[in-house]
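Text of query-v5.cif, listed as mmCIF, C-alpha atoms:
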```
data_work
#
loop_
_atom_site.label_atom_id
_atom_site.label_comp_id
_atom_site.auth_asym_id
_atom_site.auth_seq_id
_atom_site.Cartn_x
_atom_site.Cartn_y
_atom_site.Cartn_z
CA MET E 24 19.49 23.28 27.60
CA SER E 25 15.97 23.09 29.02
CA HIS E 26 15.29 21.42 32.34
CA ALA E 27 13.25 18.64 30.76
CA ALA E 28 15.88 18.06 28.12
CA ALA E 29 18.58 17.94 30.74
CA LEU E 30 16.62 15.32 32.70
CA SER E 31 16.11 13.13 29.66
CA GLY E 32 19.67 13.54 28.49
CA VAL E 33 18.49 14.95 25.17
CA GLN E 34 20.07 18.15 24.00
CA ASP E 35 18.10 20.88 22.30
CA ASP E 36 18.77 21.43 18.63
CA PRO E 37 21.19 24.36 18.32
CA HIS E 38 19.26 25.59 15.29
CA GLY E 39 15.93 25.32 17.09
CA GLU E 40 14.37 23.50 14.14
CA HIS E 41 13.41 20.25 15.80
CA PRO E 42 14.03 18.55 19.11
CA VAL E 43 16.97 16.13 19.15
CA THR E 44 15.73 12.70 20.18
CA SER E 45 17.58 9.85 21.87
CA THR E 46 17.56 7.92 18.58
CA GLY E 47 18.50 10.96 16.51
CA LEU E 48 15.43 10.23 14.41
CA ASP E 49 12.21 12.16 14.15
CA ASN E 50 9.71 10.65 16.57
CA LYS E 51 6.85 11.23 14.13
CA LYS E 52 8.52 9.04 11.52
CA LEU E 53 9.31 6.36 14.07
CA ALA E 54 5.69 6.52 15.22
CA ILE E 55 4.28 6.13 11.70
CA TRP E 56 6.46 3.06 11.14
CA ALA E 57 5.27 1.60 14.45
CA PHE E 58 1.69 2.40 13.42
CA ILE E 59 2.24 0.70 10.06
CA GLY E 60 3.65 -2.31 11.88
CA SER E 61 0.50 -2.53 14.01
CA GLU E 62 -1.63 -2.13 10.89
CA CYS E 63 0.16 -5.14 9.38
CA MET E 64 -1.20 -7.22 12.23
CA LEU E 65 -4.70 -5.76 11.86
CA PHE E 66 -4.84 -6.66 8.18
CA ALA E 67 -3.24 -10.04 8.86
CA SER E 68 -6.15 -10.83 11.16
CA LEU E 69 -8.69 -9.73 8.54
CA ILE E 70 -6.93 -11.61 5.71
CA SER E 71 -6.59 -14.78 7.78
CA THR E 72 -10.29 -14.58 8.71
CA TYR E 73 -11.14 -14.37 5.01
CA LEU E 74 -8.86 -17.30 4.17
CA ILE E 75 -10.20 -19.45 7.01
CA TYR E 76 -13.78 -18.94 5.85
CA LYS E 77 -12.90 -19.35 2.19
CA GLY E 78 -14.87 -22.16 0.57
CA ARG E 79 -17.05 -22.68 3.66
CA SER E 80 -20.10 -20.68 2.61
CA VAL E 81 -23.25 -22.79 2.69
CA VAL E 82 -25.19 -20.57 0.30
CA GLY E 83 -24.06 -18.49 -2.69
CA PRO E 84 -23.06 -16.32 -4.40
CA TYR E 85 -19.49 -17.61 -4.45
CA PRO E 86 -16.33 -15.70 -5.41
CA HIS E 87 -14.93 -17.88 -8.20
CA ASP E 88 -17.66 -20.42 -8.98
CA PRO E 89 -21.04 -20.02 -10.68
CA CYS E 90 -24.08 -20.44 -8.50
CA GLY E 91 -27.70 -21.45 -9.16
CA PRO E 92 -30.80 -22.67 -7.31
CA PRO E 93 -31.19 -23.93 -4.64
CA ASN E 94 -28.00 -22.33 -3.23
CA CYS E 95 -28.68 -19.03 -4.99
CA SER E 96 -31.92 -17.25 -5.72
CA ALA E 97 -31.03 -17.27 -9.44
CA ASN E 98 -28.21 -18.34 -11.73
CA PHE E 99 -25.11 -16.21 -11.14
CA PRO E 100 -21.66 -16.38 -12.65
CA ALA E 101 -18.60 -16.11 -10.41
CA ILE E 102 -19.14 -12.88 -8.52
CA LEU E 103 -15.63 -11.42 -8.52
CA ASN E 104 -15.01 -9.12 -11.47
CA ILE E 105 -11.30 -9.55 -12.19
CA PRO E 106 -11.01 -7.03 -15.09
CA VAL E 107 -12.55 -4.24 -13.00
CA THR E 108 -10.40 -5.08 -9.97
CA SER E 109 -7.28 -5.27 -12.14
CA ALA E 110 -8.01 -1.75 -13.35
CA SER E 111 -8.48 -0.49 -9.80
CA THR E 112 -5.24 -2.20 -8.77
CA PHE E 113 -3.41 -0.40 -11.57
CA VAL E 114 -4.96 2.89 -10.44
CA LEU E 115 -3.73 2.38 -6.87
CA LEU E 116 -0.23 1.44 -8.07
CA MET E 117 -0.08 4.62 -10.14
CA SER E 118 -1.24 6.63 -7.13
CA SER E 119 1.84 5.37 -5.28
CA LEU E 120 4.01 6.66 -8.14
CA ALA E 121 2.26 10.05 -7.94
CA MET E 122 2.77 10.12 -4.16
CA VAL E 123 6.49 9.44 -4.36
CA LEU E 124 6.82 12.12 -7.06
CA ALA E 125 4.95 14.55 -4.76
CA LEU E 126 7.46 13.87 -1.98
CA ALA E 127 10.39 14.34 -4.38
CA ALA E 128 8.87 17.63 -5.57
CA VAL E 129 8.56 18.89 -1.98
CA GLU E 130 12.13 17.84 -1.17
CA ASN E 131 13.38 19.77 -4.22
CA ALA E 132 11.11 22.80 -3.89
CA ASP E 133 14.01 25.15 -3.11
CA GLN E 134 16.05 24.11 -6.15
CA PRO E 135 16.09 26.39 -9.21
CA MET E 136 13.06 25.72 -11.44
CA PRO E 137 14.16 24.02 -14.69
CA THR E 138 13.11 25.42 -18.05
CA GLU E 139 12.12 22.10 -19.64
CA PHE E 140 8.36 21.50 -19.47
CA GLY E 141 8.59 17.87 -18.35
CA ALA E 142 11.03 18.71 -15.59
CA ARG E 143 8.83 21.61 -14.45
CA LEU E 144 5.88 19.22 -14.20
CA LEU E 145 7.91 16.89 -12.02
CA ARG E 146 8.62 19.76 -9.62
CA SER E 147 4.96 20.60 -8.97
CA SER E 148 3.98 19.18 -5.59
CA LYS E 149 0.40 20.39 -6.10
CA LEU E 150 0.08 18.43 -9.36
CA TRP E 151 1.29 15.15 -7.83
CA LEU E 152 -0.70 15.56 -4.63
CA TRP E 153 -3.81 16.18 -6.73
CA MET E 154 -2.99 13.17 -8.91
CA THR E 155 -2.59 10.96 -5.86
CA ALA E 156 -5.86 12.16 -4.32
CA ILE E 157 -7.75 11.78 -7.61
CA LEU E 158 -6.36 8.29 -8.22
CA GLY E 159 -7.23 7.33 -4.64
CA THR E 160 -10.76 8.61 -5.15
CA THR E 161 -10.98 6.70 -8.43
CA PHE E 162 -10.01 3.54 -6.57
CA LEU E 163 -12.80 4.24 -4.07
CA GLY E 164 -15.18 4.71 -7.01
CA PHE E 165 -14.22 1.27 -8.33
CA GLN E 166 -14.84 -0.17 -4.88
CA ALA E 167 -18.23 1.53 -4.60
CA TYR E 168 -19.17 0.13 -8.03
CA GLU E 169 -18.03 -3.34 -6.98
CA PHE E 170 -19.92 -3.27 -3.68
CA THR E 171 -23.08 -2.00 -5.39
CA SER E 172 -22.97 -4.65 -8.10
CA PHE E 173 -22.41 -7.37 -5.47
CA VAL E 174 -25.44 -6.23 -3.52
CA HIS E 175 -27.51 -6.23 -6.73
CA GLU E 176 -26.34 -9.79 -7.40
CA GLY E 177 -27.48 -10.89 -3.96
CA LEU E 178 -24.26 -10.73 -1.94
CA THR E 179 -24.39 -8.61 1.21
CA ILE E 180 -22.36 -8.67 4.41
CA ARG E 181 -25.03 -10.95 5.92
CA THR E 182 -25.51 -13.37 3.02
CA ASN E 183 -22.78 -15.90 3.78
CA LEU E 184 -19.28 -16.30 5.25
CA PHE E 185 -17.70 -15.08 2.02
CA GLY E 186 -19.80 -11.89 2.08
CA SER E 187 -19.07 -11.20 5.75
CA SER E 188 -15.31 -11.66 5.52
CA PHE E 189 -15.01 -10.05 2.07
CA PHE E 190 -16.91 -6.86 2.90
CA THR E 191 -15.13 -6.54 6.26
CA LEU E 192 -11.67 -6.91 4.73
CA THR E 193 -12.14 -4.73 1.66
CA GLY E 194 -14.30 -2.28 3.61
CA PHE E 195 -11.52 -1.74 6.17
CA HIS E 196 -9.08 -1.21 3.33
CA GLY E 197 -11.43 1.26 1.66
CA ALA E 198 -11.76 3.16 4.95
CA HIS E 199 -7.96 3.41 5.08
CA VAL E 200 -7.88 4.75 1.50
CA THR E 201 -10.53 7.31 2.45
CA ALA E 202 -8.44 8.45 5.43
CA GLY E 203 -5.43 8.70 3.11
CA VAL E 204 -7.33 10.86 0.62
CA LEU E 205 -8.41 13.20 3.44
CA TRP E 206 -4.79 13.40 4.63
CA LEU E 207 -3.69 14.29 1.08
CA LEU E 208 -6.35 17.00 0.87
CA THR E 209 -5.05 18.59 4.08
CA LEU E 210 -1.54 18.61 2.60
CA LEU E 211 -2.93 20.24 -0.53
CA ALA E 212 -4.66 22.89 1.58
CA ILE E 213 -1.33 23.68 3.27
CA ASP E 214 0.41 23.73 -0.12
CA TYR E 215 -2.10 26.28 -1.47
CA ARG E 216 -1.99 28.35 1.72
CA ARG E 217 1.74 28.79 2.18
CA GLY E 218 3.48 26.28 -0.10
CA LEU E 219 5.26 23.07 0.86
CA GLY E 220 9.04 23.16 1.00
CA PRO E 221 11.94 20.99 2.12
CA LYS E 222 11.17 21.79 5.77
CA ASP E 223 7.79 20.08 5.29
CA ALA E 224 9.32 16.98 3.69
CA ILE E 225 9.00 15.00 6.90
CA ASN E 226 5.23 15.65 7.07
CA VAL E 227 4.73 14.71 3.42
CA ASP E 228 6.91 11.65 4.02
CA LEU E 229 4.56 10.49 6.80
CA ALA E 230 1.54 10.75 4.50
CA ALA E 231 3.50 9.00 1.73
CA LEU E 232 4.43 6.10 4.01
CA TYR E 233 0.79 5.65 5.01
CA TRP E 234 -0.33 5.83 1.38
CA HIS E 235 2.22 3.27 0.19
CA PHE E 236 1.22 0.98 3.04
CA VAL E 237 -2.39 1.11 1.86
CA ASP E 238 -1.04 0.17 -1.58
CA VAL E 239 0.96 -2.84 -0.34
CA VAL E 240 -2.03 -4.10 1.63
CA TRP E 241 -4.04 -4.03 -1.60
CA ILE E 242 -1.25 -5.92 -3.39
CA ALA E 243 -1.76 -8.72 -0.86
CA ILE E 244 -5.57 -8.54 -1.00
CA PHE E 245 -5.62 -8.58 -4.81
CA THR E 246 -3.65 -11.81 -4.92
CA LEU E 247 -5.13 -13.62 -1.92
CA VAL E 248 -8.78 -12.64 -2.41
CA TYR E 249 -9.22 -12.05 -6.12
CA LEU E 250 -6.68 -14.13 -8.03
CA ILE E 251 -6.16 -17.29 -5.98
CA LYS E 252 -9.14 -19.56 -6.55
CA MET G 10 15.30 13.67 -20.03
CA ALA G 11 17.18 16.43 -18.36
CA HIS G 12 15.84 15.68 -14.94
CA ASP G 13 17.26 12.15 -15.06
CA ASN G 14 20.77 13.47 -14.76
CA ALA G 15 20.04 16.30 -12.39
CA PRO G 16 21.64 15.81 -8.99
CA GLU G 17 19.21 15.83 -6.09
CA HIS G 18 20.80 17.69 -3.21
CA HIS G 19 17.80 18.17 -0.88
CA ALA G 20 20.00 20.71 0.93
CA ASN G 21 17.26 21.81 3.32
CA VAL G 22 15.78 18.39 3.97
CA ASP G 23 16.61 17.13 7.46
CA HIS G 24 18.15 13.81 6.41
CA THR G 25 19.18 12.81 9.92
CA ALA G 26 15.76 13.29 11.50
CA MET G 27 14.07 11.55 8.56
CA GLY G 28 16.44 8.63 9.02
CA ILE G 29 17.74 8.85 5.46
CA GLU G 30 21.03 6.96 5.37
CA LYS G 31 21.42 6.86 1.58
CA GLU G 32 20.17 9.37 -0.98
CA HIS G 33 16.66 8.59 -2.18
CA PRO G 34 16.26 7.31 -5.76
CA THR G 35 15.90 9.65 -8.72
CA TRP G 36 12.65 10.35 -10.53
CA SER G 37 13.65 8.02 -13.34
CA THR G 38 14.02 5.16 -10.84
CA TYR G 39 10.49 5.82 -9.56
CA TRP G 40 9.13 5.59 -13.12
CA LYS G 41 11.04 2.37 -13.80
CA VAL G 42 9.67 0.86 -10.58
CA ALA G 43 6.14 1.82 -11.69
CA VAL G 44 6.66 0.07 -15.03
CA ILE G 45 7.96 -3.07 -13.28
CA LEU G 46 4.97 -3.08 -10.90
CA THR G 47 2.58 -2.73 -13.83
CA LEU G 48 4.25 -5.56 -15.76
CA ILE G 49 4.08 -7.88 -12.75
CA THR G 50 0.37 -7.05 -12.34
CA VAL G 51 -0.22 -7.80 -16.02
CA VAL G 52 1.52 -11.18 -15.63
CA GLU G 53 -0.57 -11.96 -12.53
CA VAL G 54 -3.84 -11.28 -14.35
CA TRP G 55 -2.62 -13.02 -17.51
CA VAL G 56 -1.85 -16.30 -15.70
CA TYR G 57 -5.28 -16.10 -14.04
CA TYR G 58 -6.84 -16.58 -17.48
CA ILE G 59 -4.79 -19.66 -18.43
CA PRO G 60 -6.97 -22.61 -17.29
CA SER G 61 -4.21 -25.21 -17.60
CA PHE G 62 -1.89 -23.12 -15.43
CA VAL G 63 -4.65 -22.36 -12.90
CA ALA G 64 -5.20 -26.11 -12.53
CA SER G 65 -1.49 -26.79 -12.06
CA ARG G 66 0.38 -26.90 -8.75
CA GLY G 67 2.48 -23.92 -9.75
CA PHE G 68 -0.40 -21.43 -9.92
CA VAL G 69 -0.68 -20.43 -6.26
CA PRO G 70 3.09 -20.33 -5.57
CA THR G 71 3.61 -18.22 -8.71
CA LEU G 72 1.00 -15.68 -7.64
CA LEU G 73 2.35 -15.57 -4.09
CA VAL G 74 5.91 -14.98 -5.33
CA LEU G 75 4.81 -12.26 -7.77
CA SER G 76 2.77 -10.59 -5.04
CA ALA G 77 5.71 -10.77 -2.60
CA VAL G 78 8.01 -9.20 -5.21
CA LYS G 79 5.55 -6.32 -5.75
CA PHE G 80 5.21 -5.88 -1.99
CA ALA G 81 8.99 -5.78 -1.53
CA ILE G 82 9.54 -3.36 -4.42
CA VAL G 83 7.02 -0.85 -3.05
CA VAL G 84 8.40 -1.12 0.49
CA LEU G 85 12.06 -0.87 -0.56
CA PHE G 86 11.81 1.85 -3.22
CA TYR G 87 8.63 3.86 -2.65
CA MET G 88 8.66 3.61 1.16
CA HIS G 89 12.45 4.08 1.01
CA LEU G 90 13.12 1.27 3.49
CA ARG G 91 16.20 0.40 1.43
CA TYR G 92 17.58 3.88 2.01
CA ASP G 93 16.38 4.72 5.51
CA HIS G 94 17.59 3.98 9.04
CA LYS G 95 17.75 0.32 10.11
CA LEU G 96 15.53 1.04 13.12
CA PHE G 97 12.64 1.70 10.72
CA ARG G 98 13.35 -1.62 9.05
CA ALA G 99 13.18 -3.39 12.42
CA VAL G 100 9.99 -1.59 13.48
CA PHE G 101 8.29 -2.66 10.23
CA THR G 102 9.67 -6.14 9.56
CA GLY G 103 9.18 -7.33 13.17
CA PRO G 104 5.38 -6.95 13.15
CA LEU G 105 5.26 -8.06 9.50
CA ILE G 106 6.94 -11.36 10.41
CA ILE G 107 4.54 -11.80 13.35
CA ALA G 108 1.59 -11.06 11.03
CA MET G 109 2.71 -13.53 8.36
CA THR G 110 3.46 -16.21 10.95
CA THR G 111 -0.01 -15.69 12.41
CA ILE G 112 -1.66 -16.19 9.01
CA VAL G 113 0.30 -19.38 8.33
CA ALA G 114 -0.36 -20.71 11.85
CA LEU G 115 -4.09 -20.08 11.50
CA MET G 116 -4.10 -21.83 8.11
CA PHE G 117 -2.60 -24.91 9.76
CA LEU G 118 -4.92 -24.62 12.78
CA PHE G 119 -8.07 -24.56 10.64
CA GLY G 120 -6.89 -27.29 8.29
CA HIS G 121 -6.28 -25.23 5.15
CA LEU G 122 -2.63 -26.29 5.23
CA ARG G 123 -1.23 -29.64 6.30
CA ILE G 124 2.37 -30.71 6.79
CA GLY G 125 3.40 -33.03 3.96
CA ALA G 126 0.08 -32.62 2.12
CA GLY G 127 0.32 -29.07 0.76
CA ALA G 128 -2.86 -27.04 0.48
CA ALA G 129 -6.01 -28.81 1.52
CA GLY G 130 -8.77 -28.95 -1.05
#
```
Would you mind writing the file out in structure tokens?
Amino acid sequence: MSHAAALSGVQDDPHGEHPVTSTGLDNKKLAIWAFIGSECMLFASLISTYLIYKGRSVVGPYPHDPCGPPNCSANFPAILNIPVTSASTFVLLMSSLAMVLALAAVENADQPMPTEFGARLLRSSKLWLWMTAILGTTFLGFQAYEFTSFVHEGLTIRTNLFGSSFFTLTGFHGAHVTAGVLWLLTLLAIDYRRGLGPKDAINVDLAALYWHFVDVVWIAIFTLVYLIK
Amino acid sequence: MAHDNAPEHHANVDHTAMGIEKEHPTWSTYWKVAVILTLITVVEVWVYYIPSFVASRGFVPTLLVLSAVKFAIVVLFYMHLRYDHKLFRAVFTGPLIIAMTTIVALMFLFGHLRIGAGAAG
């Protein structure tokens, strides 16, 4: 037992694979859950800011109502594009499925490879990590399209209260998705370099938890911002 | 499919350190969850396009319930909170409750919600 471990009352792992903690749990996983908990409060503050300012914009464009002169420079329909956002929501949901399949593939990497084509596909961590990253990037593409079209229709972050709170909330979420995609790409780089196996499951699990959290935040945003009028 | 019945041993996965108390779901469960999430999303968007329902008092509660169900399904099955150590549950649900309470409190504070009057117009 090391001196530091003896002082803390934590015994070294006899196999030398990971340090035994006082909780018996991996500190990295505990940390990511604590981080996710703090992120809940960050997004709660952004969502509540949006909801407080909802319906209080003096000038248009407005999210769910048409707008014309003098409140808008021209006649605009409701600015939110529900079909496009529904498609991007579906894309993000499917990325969560791909992520959980990537984790399952890593956990089972040391099992004998099945002969059936479908089962072999399920065991490819590279495939599912790529799928997750591509779907995440597609979601970001939808968001870029949405932001661009809003700006062309006269809504910027400085136009009105709706624009300020909307761009801040969805922009923060988009930044989180971007960070998640970069995290996935680093996992892919490791997978190509030396392969991901069951020993790496904890690291893939951390990325998966973050990715699913980004998904559940969007579930809340989709309902509260886009669907509820 | 063959993989549906295949046992998942994860022999070299450190279950204890990852806080896994019960075996994670099978691939087929993940696919079923995805289908359920998609169906709920379809219902959410479908009701959005029914003007009579949008104008009714049940519209907002329905969307909030459907959204909460989706949220819970992802957290329980994809984030494995249903299968993992209870300390993770506490570390997540504690701040989540604080966050939701904060939103509701701010809604009351700024007059968007009123006791006995429902949602303010």
Given the file shown, determine the residues that the PyMOL selection byres ((chain E and resi 238) around 9) selects; report them as a PyMOL selection string.
-> (chain E and resi 112+115-116+118-119+200+233-237+239-243) or (chain G and resi 80+83)
Tell me the residues of chain E close to chain G, meaning within 8 Å using all atoms listed in the file, as number ranges by chain.
-> E: 47-49, 52-53, 56-57, 59-61, 63-64, 67-68, 70-71, 74-75, 105, 109, 113, 116-117, 119-120, 123-124, 127, 130-131, 133, 139, 142, 221-222, 224-225, 231-232, 235-236, 239, 242-243, 246, 250-251
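Our summary of the geometry notes that atom CA of E:Leu69 is positioned 16.6 Å from atom CA of E:Arg181.
Separating atom CA of E:Thr191 from atom CA of G:Trp55 is a distance of 27.6 Å.
Closest approach to E:Tyr168 from the set E:Ala132, E:Val107, E:Ala230, E:Leu207 is made by E:Val107, with distances taken over all atoms listed in the file.
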Work out how far apart atom CA of G:Lys95 and atom CA of E:Asn50 are and give it in Å to one decimal.
-> 14.6 Å
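Put simply, the PyMOL selection byres ((chain E and resi 148) around 7) in this file takes in Ala125, Ala128, Val129, Arg146, Ser147, Lys149, Leu150, Trp151 and Leu152 of chain E.
Nearest to G:Arg91 of all the residues G:Ser37, G:Glu32, G:Gly125, G:Leu48 is G:Glu32, based on only C-alpha atoms.
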Might you pull out every residue within 10 Å of E:Ala101, with all atoms listed in the file counted and same-chain residues fewer than 4 positions away left off, and present them as a JSON list (two decimals) with C-alpha atoms, in the frame of the given file?
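Output below, filename out15.json:
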```json
[["chain", "number", "residue", "atom", "x", "y", "z"],
["E", 83, "GLY", "CA", -24.06, -18.49, -2.69],
["E", 84, "PRO", "CA", -23.06, -16.32, -4.40],
["E", 85, "TYR", "CA", -19.49, -17.61, -4.45],
["E", 86, "PRO", "CA", -16.33, -15.70, -5.41],
["E", 87, "HIS", "CA", -14.93, -17.88, -8.20],
["E", 88, "ASP", "CA", -17.66, -20.42, -8.98],
["E", 89, "PRO", "CA", -21.04, -20.02, -10.68],
["E", 90, "CYS", "CA", -24.08, -20.44, -8.50],
["E", 105, "ILE", "CA", -11.30, -9.55, -12.19]]
```
